[in-house]
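Structure file start.txt; described as compact mmCIF, C-alpha atoms and all ligand atoms.
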```
# COMPACT_ATOMS: atom_id res chain seq x y z
CA MET A 330 -55.67 20.43 -16.95
CA ASN A 331 -56.79 18.59 -13.85
CA PRO A 332 -60.28 19.88 -13.00
CA THR A 333 -59.52 19.38 -9.29
CA ASP A 334 -56.55 21.82 -9.40
CA PRO A 335 -57.50 24.93 -7.48
CA ALA A 336 -57.65 27.93 -9.79
CA THR A 337 -55.50 30.84 -8.59
CA PRO A 338 -54.89 34.19 -10.25
CA GLU A 339 -51.12 33.61 -9.79
CA ALA A 340 -51.33 30.49 -11.97
CA LEU A 341 -52.68 32.61 -14.79
CA ILE A 342 -49.76 35.08 -14.82
CA HIS A 343 -47.37 34.93 -17.80
CA PRO A 344 -44.26 33.07 -16.49
CA GLY A 345 -42.03 35.99 -17.50
CA TYR A 346 -43.69 38.17 -14.88
CA ARG A 347 -43.81 35.61 -12.08
CA ASN A 348 -41.23 35.82 -9.30
CA ILE A 349 -39.46 38.67 -11.06
CA GLY A 350 -39.20 40.03 -7.51
CA GLU A 351 -38.06 43.45 -6.51
CA SER A 352 -34.71 44.39 -7.85
CA LEU A 353 -31.83 44.19 -5.41
CA VAL A 354 -31.11 47.88 -5.97
CA ARG A 355 -34.55 48.74 -4.58
CA GLU A 356 -34.05 46.43 -1.62
CA LEU A 357 -30.74 48.16 -0.90
CA SER A 358 -32.37 51.56 -1.09
CA ARG A 359 -34.68 50.46 1.77
CA LEU A 360 -31.61 50.19 4.03
CA MET A 361 -31.25 53.94 3.58
CA SER A 362 -33.81 54.58 6.30
CA ASP A 363 -30.77 53.99 8.57
CA GLN A 364 -29.30 57.50 8.86
CA GLU A 365 -25.75 56.20 9.29
CA MET A 366 -25.79 54.08 6.11
CA ILE A 367 -23.80 55.41 3.14
CA SER A 368 -25.07 54.23 -0.23
CA LEU A 369 -22.62 53.63 -3.03
CA ALA A 370 -25.35 51.47 -4.60
CA GLY A 371 -27.97 53.82 -6.04
CA GLY A 372 -28.18 54.48 -9.75
CA TYR A 373 -30.18 57.68 -9.45
CA PRO A 374 -28.88 61.13 -10.37
CA GLY A 375 -27.95 63.43 -7.47
CA ALA A 376 -31.31 64.99 -6.51
CA GLU A 377 -29.82 68.25 -5.18
CA LEU A 378 -28.35 68.80 -8.66
CA PHE A 379 -31.75 69.05 -10.38
CA ASP A 380 -32.30 72.49 -11.87
CA ARG A 381 -35.51 73.04 -9.90
CA ASP A 382 -35.85 76.71 -10.80
CA GLY A 383 -35.28 76.06 -14.49
CA VAL A 384 -37.80 73.21 -14.62
CA ARG A 385 -40.34 75.19 -12.58
CA GLU A 386 -40.07 78.18 -14.94
CA ALA A 387 -40.32 75.95 -18.01
CA ALA A 388 -43.37 74.11 -16.59
CA HIS A 389 -45.04 77.43 -15.74
CA ALA A 390 -44.36 78.87 -19.18
CA ALA A 391 -45.60 75.68 -20.87
CA LEU A 392 -48.89 75.66 -19.01
CA THR A 393 -49.41 79.39 -19.32
CA ASP A 394 -48.58 79.71 -23.02
CA SER A 395 -49.77 76.32 -24.36
CA PRO A 396 -52.47 74.95 -22.03
CA THR A 397 -54.20 72.91 -24.73
CA ALA A 398 -51.00 71.25 -25.93
CA CYS A 399 -50.12 70.46 -22.30
CA LEU A 400 -53.46 68.94 -21.39
CA GLN A 401 -54.87 67.46 -24.60
CA TYR A 402 -54.00 64.08 -26.23
CA GLY A 403 -51.05 64.46 -28.58
CA PRO A 404 -49.37 62.61 -31.45
CA THR A 405 -47.79 59.23 -30.61
CA GLU A 406 -44.49 60.20 -32.23
CA GLY A 407 -44.24 63.21 -29.90
CA MET A 408 -44.90 66.91 -30.30
CA ALA A 409 -43.39 68.48 -33.39
CA GLY A 410 -41.83 71.33 -31.39
CA LEU A 411 -40.13 68.95 -28.96
CA ARG A 412 -38.85 66.75 -31.79
CA GLU A 413 -37.38 69.90 -33.35
CA SER A 414 -35.64 70.77 -30.04
CA VAL A 415 -34.36 67.21 -29.55
CA ALA A 416 -32.94 67.25 -33.10
CA GLN A 417 -31.11 70.48 -32.21
CA TRP A 418 -29.82 68.90 -28.99
CA MET A 419 -28.57 65.88 -30.93
CA ALA A 420 -26.82 68.18 -33.41
CA HIS A 421 -25.19 69.87 -30.41
CA CYS A 422 -24.06 66.37 -29.33
CA ARG A 423 -22.58 65.88 -32.83
CA ALA A 424 -25.22 63.41 -33.99
CA PRO A 425 -27.43 65.35 -36.39
CA VAL A 426 -30.82 63.75 -37.13
CA SER A 427 -34.02 65.07 -38.66
CA PRO A 428 -36.99 65.72 -36.32
CA ASP A 429 -38.88 63.27 -38.57
CA ASP A 430 -36.46 60.50 -37.52
CA LEU A 431 -37.51 60.79 -33.85
CA LEU A 432 -40.02 59.00 -31.67
CA ILE A 433 -40.51 60.57 -28.24
CA LEU A 434 -40.48 57.96 -25.46
CA SER A 435 -41.48 57.69 -21.84
CA GLY A 436 -37.88 57.00 -20.75
CA SER A 437 -35.31 55.33 -22.99
CA ALA A 438 -36.09 52.05 -21.19
CA GLN A 439 -39.40 52.11 -23.06
CA GLY A 440 -37.51 52.31 -26.34
CA PHE A 441 -35.69 49.02 -25.78
CA ASP A 442 -38.93 47.33 -24.75
CA LEU A 443 -40.60 48.55 -27.96
CA LEU A 444 -37.70 47.30 -30.07
CA VAL A 445 -37.82 43.88 -28.45
CA ARG A 446 -41.57 43.67 -28.91
CA THR A 447 -41.28 44.51 -32.58
CA LEU A 448 -38.18 42.42 -33.42
CA ILE A 449 -38.09 39.41 -31.11
CA ARG A 450 -40.34 36.37 -30.98
CA PRO A 451 -39.83 33.60 -28.41
CA GLY A 452 -36.63 31.73 -29.23
CA ASP A 453 -35.13 34.56 -31.33
CA CYS A 454 -31.59 35.51 -30.46
CA ALA A 455 -30.34 38.79 -28.99
CA VAL A 456 -26.89 39.86 -27.76
CA VAL A 457 -26.05 41.97 -24.71
CA GLU A 458 -22.81 42.96 -23.04
CA ARG A 459 -21.49 41.03 -20.06
CA PRO A 460 -22.05 42.89 -17.72
CA THR A 461 -24.99 44.99 -18.88
CA TYR A 462 -27.84 47.11 -17.49
CA THR A 463 -30.46 44.92 -15.79
CA GLY A 464 -33.50 46.37 -17.61
CA PRO A 465 -32.71 44.81 -21.03
CA ILE A 466 -31.85 41.44 -19.45
CA ARG A 467 -35.34 41.33 -17.97
CA VAL A 468 -37.09 42.59 -21.11
CA LEU A 469 -35.41 39.89 -23.19
CA LYS A 470 -36.27 37.23 -20.64
CA VAL A 471 -39.94 38.17 -20.64
CA ALA A 472 -39.91 38.11 -24.46
CA GLY A 473 -38.57 34.54 -24.38
CA ALA A 474 -35.43 35.55 -26.29
CA ARG A 475 -32.31 33.44 -26.38
CA THR A 476 -29.78 35.91 -24.97
CA LEU A 477 -26.08 35.56 -25.80
CA THR A 478 -23.46 37.69 -24.06
CA VAL A 479 -20.17 39.26 -25.14
CA SER A 480 -17.59 40.28 -22.55
CA VAL A 481 -16.71 43.87 -21.74
CA ASP A 482 -13.21 45.10 -20.90
CA ALA A 483 -11.95 48.60 -20.04
CA GLN A 484 -12.74 49.54 -23.66
CA GLY A 485 -16.31 48.32 -23.63
CA LEU A 486 -17.83 45.61 -25.82
CA ASN A 487 -15.22 43.14 -27.04
CA VAL A 488 -15.93 43.27 -30.78
CA ASP A 489 -13.47 40.49 -31.70
CA GLU A 490 -15.32 38.15 -29.38
CA LEU A 491 -18.59 39.27 -30.98
CA GLU A 492 -17.19 38.53 -34.43
CA ALA A 493 -16.10 35.03 -33.36
CA MET A 494 -19.60 34.45 -31.99
CA LEU A 495 -21.22 35.62 -35.22
CA ARG A 496 -18.94 33.34 -37.26
CA ASP A 497 -19.75 30.29 -35.14
CA PRO A 498 -22.20 28.20 -37.20
CA ALA A 499 -23.38 26.43 -34.03
CA LEU A 500 -24.83 29.67 -32.66
CA PRO A 501 -28.04 31.32 -33.82
CA ARG A 502 -27.89 34.57 -35.76
CA PRO A 503 -28.87 37.49 -33.51
CA ARG A 504 -31.59 39.91 -34.57
CA LEU A 505 -30.76 42.58 -32.00
CA LEU A 506 -27.70 43.75 -30.04
CA TYR A 507 -28.02 46.06 -27.03
CA VAL A 508 -25.01 48.20 -26.16
CA VAL A 509 -24.20 51.24 -24.01
CA PRO A 510 -21.10 52.51 -25.86
CA THR A 511 -20.24 55.43 -23.54
CA PHE A 512 -19.87 55.31 -19.71
CA ALA A 513 -21.85 52.09 -19.55
CA ASN A 514 -23.95 50.98 -16.64
CA PRO A 515 -22.51 49.12 -14.77
CA SER A 516 -18.97 48.91 -16.24
CA GLY A 517 -18.34 52.66 -16.73
CA ALA A 518 -16.47 51.60 -19.90
CA SER A 519 -16.45 53.49 -23.21
CA MET A 520 -15.76 52.01 -26.63
CA PRO A 521 -13.02 53.66 -28.71
CA VAL A 522 -13.87 54.73 -32.27
CA SER A 523 -12.17 51.68 -33.80
CA ARG A 524 -14.46 49.30 -31.90
CA ARG A 525 -17.51 51.39 -32.78
CA LEU A 526 -16.67 51.22 -36.48
CA LYS A 527 -16.09 47.49 -36.32
CA LEU A 528 -19.41 46.96 -34.55
CA LEU A 529 -21.20 48.84 -37.34
CA GLN A 530 -19.42 46.75 -39.98
CA LEU A 531 -20.49 43.55 -38.21
CA ALA A 532 -24.12 44.74 -38.07
CA VAL A 533 -24.06 45.26 -41.85
CA GLU A 534 -22.29 41.97 -42.55
CA TYR A 535 -24.45 39.80 -40.28
CA GLY A 536 -27.69 41.79 -40.44
CA PHE A 537 -28.62 42.63 -36.84
CA VAL A 538 -30.11 45.77 -35.34
CA ILE A 539 -27.95 47.73 -32.88
CA ALA A 540 -29.81 49.42 -30.01
CA GLU A 541 -27.40 52.18 -28.94
CA ASP A 542 -28.47 53.22 -25.43
CA ASP A 543 -26.98 56.57 -24.51
CA PRO A 544 -28.10 57.97 -21.16
CA TYR A 545 -24.64 58.96 -19.88
CA SER A 546 -22.42 60.36 -22.66
CA GLN A 547 -23.11 64.01 -21.75
CA LEU A 548 -21.88 63.39 -18.19
CA ARG A 549 -18.24 63.61 -19.32
CA PHE A 550 -15.90 65.22 -16.79
CA GLU A 551 -12.61 64.33 -18.48
CA GLY A 552 -11.28 63.61 -21.97
CA GLU A 553 -12.69 64.21 -25.43
CA PRO A 554 -16.23 63.29 -26.58
CA LEU A 555 -16.60 60.06 -28.54
CA PRO A 556 -18.84 59.90 -31.61
CA HIS A 557 -22.18 58.14 -31.24
CA LEU A 558 -22.71 54.99 -33.31
CA ILE A 559 -25.58 56.72 -35.11
CA ALA A 560 -23.21 59.52 -36.14
CA LEU A 561 -20.60 57.03 -37.37
CA THR A 562 -23.08 55.37 -39.74
CA ASP A 563 -21.96 58.00 -42.29
CA GLN A 564 -18.55 56.31 -42.33
CA VAL A 565 -19.73 52.71 -42.68
CA PRO A 566 -21.61 52.06 -45.93
CA GLY A 567 -24.94 50.33 -45.43
CA SER A 568 -25.00 50.73 -41.64
CA LYS A 569 -27.63 53.48 -41.31
CA PRO A 570 -30.68 51.14 -41.48
CA TRP A 571 -29.29 48.97 -38.68
CA VAL A 572 -28.81 51.54 -35.90
CA VAL A 573 -31.42 52.76 -33.43
CA HIS A 574 -30.22 55.39 -30.96
CA LEU A 575 -31.94 55.74 -27.57
CA GLY A 576 -31.37 59.13 -25.94
CA SER A 577 -32.69 60.40 -22.62
CA PHE A 578 -32.99 63.55 -20.53
CA SER A 579 -33.20 61.47 -17.34
CA LYS A 580 -29.59 61.98 -16.29
CA VAL A 581 -29.16 65.54 -17.55
CA ILE A 582 -32.50 67.14 -16.63
CA ALA A 583 -34.58 64.80 -14.43
CA PRO A 584 -35.81 61.19 -14.71
CA GLY A 585 -39.19 62.13 -13.22
CA LEU A 586 -40.13 63.95 -16.42
CA ARG A 587 -39.83 60.65 -18.37
CA VAL A 588 -38.83 62.34 -21.60
CA ALA A 589 -36.52 60.39 -23.89
CA TRP A 590 -36.33 59.56 -27.59
CA MET A 591 -35.57 57.00 -30.25
CA ALA A 592 -33.74 58.07 -33.41
CA GLY A 593 -33.53 55.64 -36.28
CA PRO A 594 -34.78 54.53 -39.67
CA ALA A 595 -38.53 54.62 -40.37
CA VAL A 596 -38.61 50.88 -41.07
CA LEU A 597 -37.73 50.18 -37.41
CA ARG A 598 -39.17 53.31 -35.80
CA ARG A 599 -42.66 52.98 -37.28
CA PRO A 600 -43.50 49.55 -35.75
CA CYS A 601 -42.19 50.89 -32.44
CA MET A 602 -44.55 53.84 -32.81
CA LEU A 603 -47.46 51.43 -33.37
CA ALA A 604 -46.41 49.41 -30.31
CA LYS A 605 -46.20 52.61 -28.25
CA GLN A 606 -49.70 53.51 -29.40
CA LEU A 607 -50.93 50.30 -27.74
CA ASP A 608 -49.07 51.24 -24.53
CA ASP A 609 -49.90 54.82 -23.78
CA LEU A 610 -51.11 56.57 -26.98
CA SER A 611 -48.47 59.26 -26.37
CA ASN A 612 -46.22 60.85 -23.77
CA PRO A 613 -47.88 63.46 -21.54
CA GLY A 614 -48.10 66.80 -23.32
CA PHE A 615 -47.23 68.67 -20.13
CA THR A 616 -43.79 67.10 -19.65
CA GLN A 617 -43.04 67.31 -23.37
CA MET A 618 -43.88 71.02 -23.44
CA THR A 619 -41.90 71.57 -20.24
CA VAL A 620 -38.78 69.98 -21.72
CA GLN A 621 -39.28 71.91 -24.94
CA ARG A 622 -39.43 75.21 -23.04
CA TYR A 623 -36.47 74.19 -20.89
CA LEU A 624 -34.36 73.46 -23.98
CA ALA A 625 -35.56 76.59 -25.82
CA ALA A 626 -34.51 78.74 -22.84
CA GLY A 627 -30.96 77.31 -23.14
CA ARG A 628 -31.14 75.96 -19.57
CA LEU A 629 -29.68 72.55 -20.38
CA GLN A 630 -26.43 74.00 -21.74
CA GLN A 631 -26.29 76.37 -18.76
CA HIS A 632 -26.98 73.82 -16.07
CA LEU A 633 -25.23 70.69 -17.35
CA PRO A 634 -21.76 71.97 -16.30
CA VAL A 635 -23.08 72.17 -12.71
CA ILE A 636 -24.04 68.47 -12.76
CA VAL A 637 -20.85 67.41 -14.53
CA GLY A 638 -18.72 69.50 -12.13
CA ALA A 639 -20.29 67.79 -9.12
CA TYR A 640 -19.77 64.32 -10.61
CA ARG A 641 -16.14 65.20 -11.42
CA GLU A 642 -15.56 66.06 -7.79
CA ARG A 643 -17.37 62.94 -6.52
CA ALA A 644 -15.54 60.63 -8.94
CA ALA A 645 -12.20 62.14 -7.86
CA ALA A 646 -13.08 61.54 -4.20
CA MET A 647 -13.93 57.91 -5.02
CA ARG A 648 -10.76 57.38 -7.08
CA ASP A 649 -8.56 58.81 -4.31
CA ALA A 650 -10.30 56.78 -1.58
CA ILE A 651 -9.98 53.59 -3.65
CA ALA A 652 -6.23 54.23 -3.99
CA ILE A 653 -5.94 54.53 -0.20
CA HIS A 654 -8.35 51.84 1.04
CA LEU A 655 -8.76 49.25 -1.69
CA ALA A 656 -5.54 49.28 -3.76
CA GLY A 657 -4.39 45.78 -4.67
CA ARG A 658 -7.51 44.18 -3.21
CA VAL A 659 -10.22 45.44 -5.56
CA ASN A 660 -9.29 46.52 -9.09
CA PHE A 661 -11.41 49.28 -10.61
CA ASN A 662 -12.07 50.76 -14.03
CA ILE A 663 -11.82 54.52 -13.51
CA PRO A 664 -14.15 56.21 -16.05
CA GLN A 665 -13.98 59.72 -17.55
CA GLY A 666 -17.67 60.33 -16.99
CA GLY A 667 -21.01 58.78 -16.12
CA MET A 668 -21.98 57.66 -12.64
CA PHE A 669 -20.30 54.28 -12.00
CA MET A 670 -17.06 52.52 -11.15
CA TRP A 671 -16.80 48.78 -11.75
CA GLY A 672 -14.55 46.66 -9.57
CA ARG A 673 -13.37 43.09 -9.18
CA LEU A 674 -12.17 41.53 -5.94
CA GLN A 675 -8.57 40.40 -6.19
CA THR A 676 -8.82 38.42 -2.96
CA GLU A 677 -10.80 35.24 -2.28
CA GLY A 678 -14.51 35.74 -1.67
CA LYS A 679 -17.75 36.76 -3.31
CA ALA A 680 -19.20 40.24 -3.68
CA ARG A 681 -22.50 39.11 -2.06
CA ASP A 682 -20.59 38.01 1.08
CA LEU A 683 -18.71 41.31 0.99
CA LEU A 684 -22.05 43.15 0.82
CA ALA A 685 -23.28 41.46 4.01
CA LEU A 686 -20.11 42.64 5.81
CA ALA A 687 -20.33 46.08 4.19
CA ILE A 688 -23.89 46.53 5.48
CA GLU A 689 -22.57 45.81 8.98
CA GLU A 690 -19.96 48.53 8.37
CA LYS A 691 -22.84 50.76 7.16
CA VAL A 692 -22.06 51.09 3.48
CA THR A 693 -23.83 49.53 0.46
CA PHE A 694 -22.87 48.75 -3.14
CA VAL A 695 -24.33 46.50 -5.85
CA PRO A 696 -22.86 43.01 -6.36
CA GLY A 697 -21.98 42.65 -10.05
CA ASP A 698 -23.70 39.31 -10.64
CA ILE A 699 -27.08 40.98 -11.21
CA TYR A 700 -25.69 42.58 -14.37
CA ASP A 701 -24.89 39.25 -16.01
CA ALA A 702 -27.41 37.56 -18.30
CA ASP A 703 -25.70 34.16 -18.32
CA GLN A 704 -22.26 33.82 -16.71
CA PRO A 705 -22.26 35.85 -13.48
CA ASP A 706 -18.83 36.82 -12.19
CA LEU A 707 -19.34 36.58 -8.44
CA ARG A 708 -16.35 38.76 -7.60
CA THR A 709 -17.50 41.92 -9.32
CA LEU A 710 -19.16 45.00 -7.84
CA ARG A 711 -20.53 48.38 -8.90
CA LEU A 712 -19.96 51.59 -6.97
CA SER A 713 -21.95 54.69 -7.81
CA PHE A 714 -20.71 58.22 -7.11
CA SER A 715 -23.73 60.19 -8.31
CA THR A 716 -25.67 60.66 -5.08
CA PRO A 717 -23.27 60.78 -2.06
CA THR A 718 -21.19 63.85 -1.22
CA PRO A 719 -17.39 63.66 -1.57
CA THR A 720 -17.10 63.35 2.25
CA GLN A 721 -19.59 60.47 2.30
CA ILE A 722 -17.77 58.80 -0.59
CA THR A 723 -14.42 58.99 1.21
CA GLU A 724 -15.94 57.55 4.38
CA GLY A 725 -17.99 54.96 2.44
CA VAL A 726 -14.93 53.60 0.62
CA ALA A 727 -13.00 53.49 3.92
CA ARG A 728 -15.83 51.39 5.39
CA LEU A 729 -15.74 49.16 2.32
CA GLY A 730 -11.99 48.73 2.89
CA ARG A 731 -12.75 47.43 6.40
CA ALA A 732 -15.34 45.02 4.99
CA VAL A 733 -12.78 43.73 2.42
CA ASN A 734 -10.29 43.17 5.29
CA ARG A 735 -12.88 41.14 7.16
CA LEU A 736 -13.75 39.12 4.04
CA ALA A 737 -10.08 38.28 3.47
CA GLY A 738 -9.28 37.67 7.14
C1 LIG A 801 -28.02 52.09 -19.35
C2 LIG A 801 -29.33 52.67 -18.96
N1 LIG A 801 -30.29 52.77 -19.88
C3 LIG A 801 -31.49 53.31 -19.59
C4 LIG A 801 -31.79 53.74 -18.31
C5 LIG A 801 -33.16 54.29 -18.03
O1 LIG A 801 -33.24 55.57 -18.54
P1 LIG A 801 -34.65 56.30 -18.70
O2 LIG A 801 -34.91 57.02 -17.42
O3 LIG A 801 -34.46 57.21 -19.86
O4 LIG A 801 -35.68 55.23 -18.97
C6 LIG A 801 -30.83 53.65 -17.31
C7 LIG A 801 -31.15 54.09 -15.95
O5 LIG A 801 -30.47 53.88 -15.00
C8 LIG A 801 -29.57 53.09 -17.65
O6 LIG A 801 -28.60 52.95 -16.74
```
What do you get writing this file as structure tokens?
Amino acid sequence: MNPTDPATPEALIHPGYRNIGESLVRELSRLMSDQEMISLAGGYPGAELFDRDGVREAAHAALTDSPTACLQYGPTEGMAGLRESVAQWMAHCRAPVSPDDLLILSGSAQGFDLLVRTLIRPGDCAVVERPTYTGPIRVLKVAGARTLTVSVDAQGLNVDELEAMLRDPALPRPRLLYVVPTFANPSGASMPVSRRLKLLQLAVEYGFVIAEDDPYSQLRFEGEPLPHLIALTDQVPGSKPWVVHLGSFSKVIAPGLRVAWMAGPAVLRRPCMLAKQLDDLSNPGFTQMTVQRYLAAGRLQQHLPVIVGAYRERAAAMRDAIAIHLAGRVNFNIPQGGMFMWGRLQTEGKARDLLALAIEEKVTFVPGDIYDADQPDLRTLRLSFSTPTPTQITEGVARLGRAVNRLAG
């Protein structure tokens, strides 16, 4: 080091945290101070759909009946009563697990970070979908992982492409694969059972951990439920030790409570528990007790149809408006649940240029390149239908149609 170099605090920051910048989604949300702007960009749940009364009653009951549990330090793995309730919820979602197999998390995003910290050293290989949720891309980057990507089509992760990658002796063997099998963010795609089974077989054959991120599967407004990977491990011999399921109440109760969970084998869960201990010792007792009371009162089963019903209506408005204003010019995957529709421009031009025109027309969306870890497709875009009303969606897509005309013309 040159002793004449000026010392700055910035120079001391780990490179993975330098210039990470604010995410584009946050920048777009700032445009929302303009009253006329319609956002098809946000990834938040619809705030007017929160069950405020139910959460208020559960919080009140928690604090009244169990003040010490709410306010005292608690176990890192999460409160026994909540783990019991989460196990019941998972059984309801056809993925039975034992309460002992659970680690309560502060958001499922924390779960992936813990897995990366415990499995990945700089230079180790991980696989994500292309496109995928931005959080894991950033976590892997900070960890210094070598990230490989596998394409996604209307049926989710392309498992044949994954197999070819695993067979390629020139490529490193991955230790971890991150996948959102149902109503993925951003693609909206869901993997059929055959692909899920093949993915489990590949994990056994090539020895990599699957992080199954599942924030959206309960937001199904059409079609039949698909089995979780963790539930399918019963059908694929040897696969159980390789699957870690990340579940969350963020999209079905409220993200502000930060209550989520990891379900998986002790050999993987225990190091994550130790890593979590270094982070925060445990989740807040108050929010854990609140969620436990909320579940025990049966409010989730009662209220979820309200949320799903609203998203059904919003998705239908988006689908119909796309057919009128964007047909032939932007192709979309139309999902049976979740919060997102994924599109690709069929005309010349880039989604970022379209966004600049769309902002002039007073509508926003997210350009798809931010969801790509290595080979950004500059023509892709994500629309979200979770927060705007059906009327706003219809008008927003019409405005987007005008922006596409201007891009082409
Ligand atoms: C795929 C995916 N995983 C995880 C999360 C974060 O969920 P949580 O609030 O449980 O951390 C999101 C949030 O948008 C998401 O889209």
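Reported to one decimal place, the separation of atom CA of Leu624 of chain A from atom CA of Glu386 of chain A is 11.7 Å.
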For Pro696 of chain A, please output as a ChimeraX atom specification all residues within 8 Å (counting only C-alpha atoms; exclusion window: fewer than 6 positions along the same chain). /A:680-681,684,707-711
Using all atoms listed in the file: which of A:Gln621, A:Gln606, A:Gln401, A:Gln439 has the shortest distance to ligand LIG 801 (chain A):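 Using all atoms listed in the file, ligand LIG 801 (chain A) sits closest to A:Gln439.
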Interatomic distance, atom CA of Ala737 of chain A to atom CA of Leu683 of chain A (Å, one decimal):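 So the two atoms, atom CA of Ala737 of chain A and atom CA of Leu683 of chain A, lie 9.5 Å apart.
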Using all atoms listed in the file, the residue out of A:Asp542, A:Asp706, A:Glu356, A:Glu413 with shortest distance to ligand LIG 801 (chain A) is A:Asp542
Shell of 8 Å around ligand LIG 801 (chain A) (only C-alpha atoms and all ligand atoms), written as a PyMOL selection string: chain A and resi 372-373+435-439+461-462+464+509+513-515+542-545+576-580+584-585+587-589
Between atom CA of His654 of chain A and atom CA of Gly730 of chain A, distance in Å (one decimal):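 Those two atoms sit 5.1 Å apart.
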Can you tell me, as a PDB file with C-alpha atoms, in the coordinates of the input, which residues sit within 8 Å of (-10.9, 61.2, -20.6) in the file's frame, using only C-alpha atoms?
```pdb
ATOM      1  CA  ARG A 549     -18.240  63.610 -19.320  1.00  0.00           C
ATOM      2  CA  PHE A 550     -15.900  65.220 -16.790  1.00  0.00           C
ATOM      3  CA  GLU A 551     -12.610  64.330 -18.480  1.00  0.00           C
ATOM      4  CA  GLY A 552     -11.280  63.610 -21.970  1.00  0.00           C
ATOM      5  CA  GLU A 553     -12.690  64.210 -25.430  1.00  0.00           C
ATOM      6  CA  PRO A 664     -14.150  56.210 -16.050  1.00  0.00           C
ATOM      7  CA  GLN A 665     -13.980  59.720 -17.550  1.00  0.00           C
ATOM      8  CA  GLY A 666     -17.670  60.330 -16.990  1.00  0.00           C
TER       9      GLY A 666
END
```
Restricting to only C-alpha atoms, whichever of A:Leu629, A:Val456, A:Val692, A:Leu729 is closest to Trp418 of chain A is A:Leu629
Which residues are close to Val620 of chain A, i.e. within 9 Å by only C-alpha atoms, leaving aside same-chain residues fewer than 4 positions away? Reply as a PyMOL selection string. chain A and resi 384+387-388+391+411+414+578+582+586+588+615-616+624-625
Counting only C-alpha atoms, which of A:Ala732, A:Phe669, A:Gln617, A:Ser715 gets nearest to Leu392 of chain A? A:Gln617
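Nearest residue to Ala416 of chain A among A:Ala626, A:Val581, A:Ala592, A:Leu548 is A:Ala592, counting all atoms listed in the file.
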Of the listed residues A:Asp482, A:Ala455, A:Val533, A:Arg643, that which approaches Leu500 of chain A most closely, counting all atoms listed in the file: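 Of the candidates, the smallest distance to Leu500 of chain A is held by A:Ala455.
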If you count all atoms listed in the file, which residues fall within 10 Å of Pro600 of chain A, apart from same-chain ones fewer than 6 positions away, as a PyMOL selection string? chain A and resi 443-444+446-448+606
Quick one: write out the picked residues with C-alpha atoms as an mmCIF file, in the frame of the given file?
```cif
data_model
loop_
_atom_site.group_PDB
_atom_site.id
_atom_site.type_symbol
_atom_site.label_atom_id
_atom_site.label_comp_id
_atom_site.auth_asym_id
_atom_site.auth_seq_id
_atom_site.Cartn_x
_atom_site.Cartn_y
_atom_site.Cartn_z
ATOM 1 C CA LEU A 443 -40.600 48.550 -27.960
ATOM 2 C CA LEU A 444 -37.700 47.300 -30.070
ATOM 3 C CA ARG A 446 -41.570 43.670 -28.910
ATOM 4 C CA THR A 447 -41.280 44.510 -32.580
ATOM 5 C CA LEU A 448 -38.180 42.420 -33.420
ATOM 6 C CA GLN A 606 -49.700 53.510 -29.400
#
```
Neighbour list for Arg496 of chain A as a PyMOL selection string, cut-off 10 Å, all atoms listed in the file, skip fewer than 6 positions in-chain: chain A and resi 490+502+535
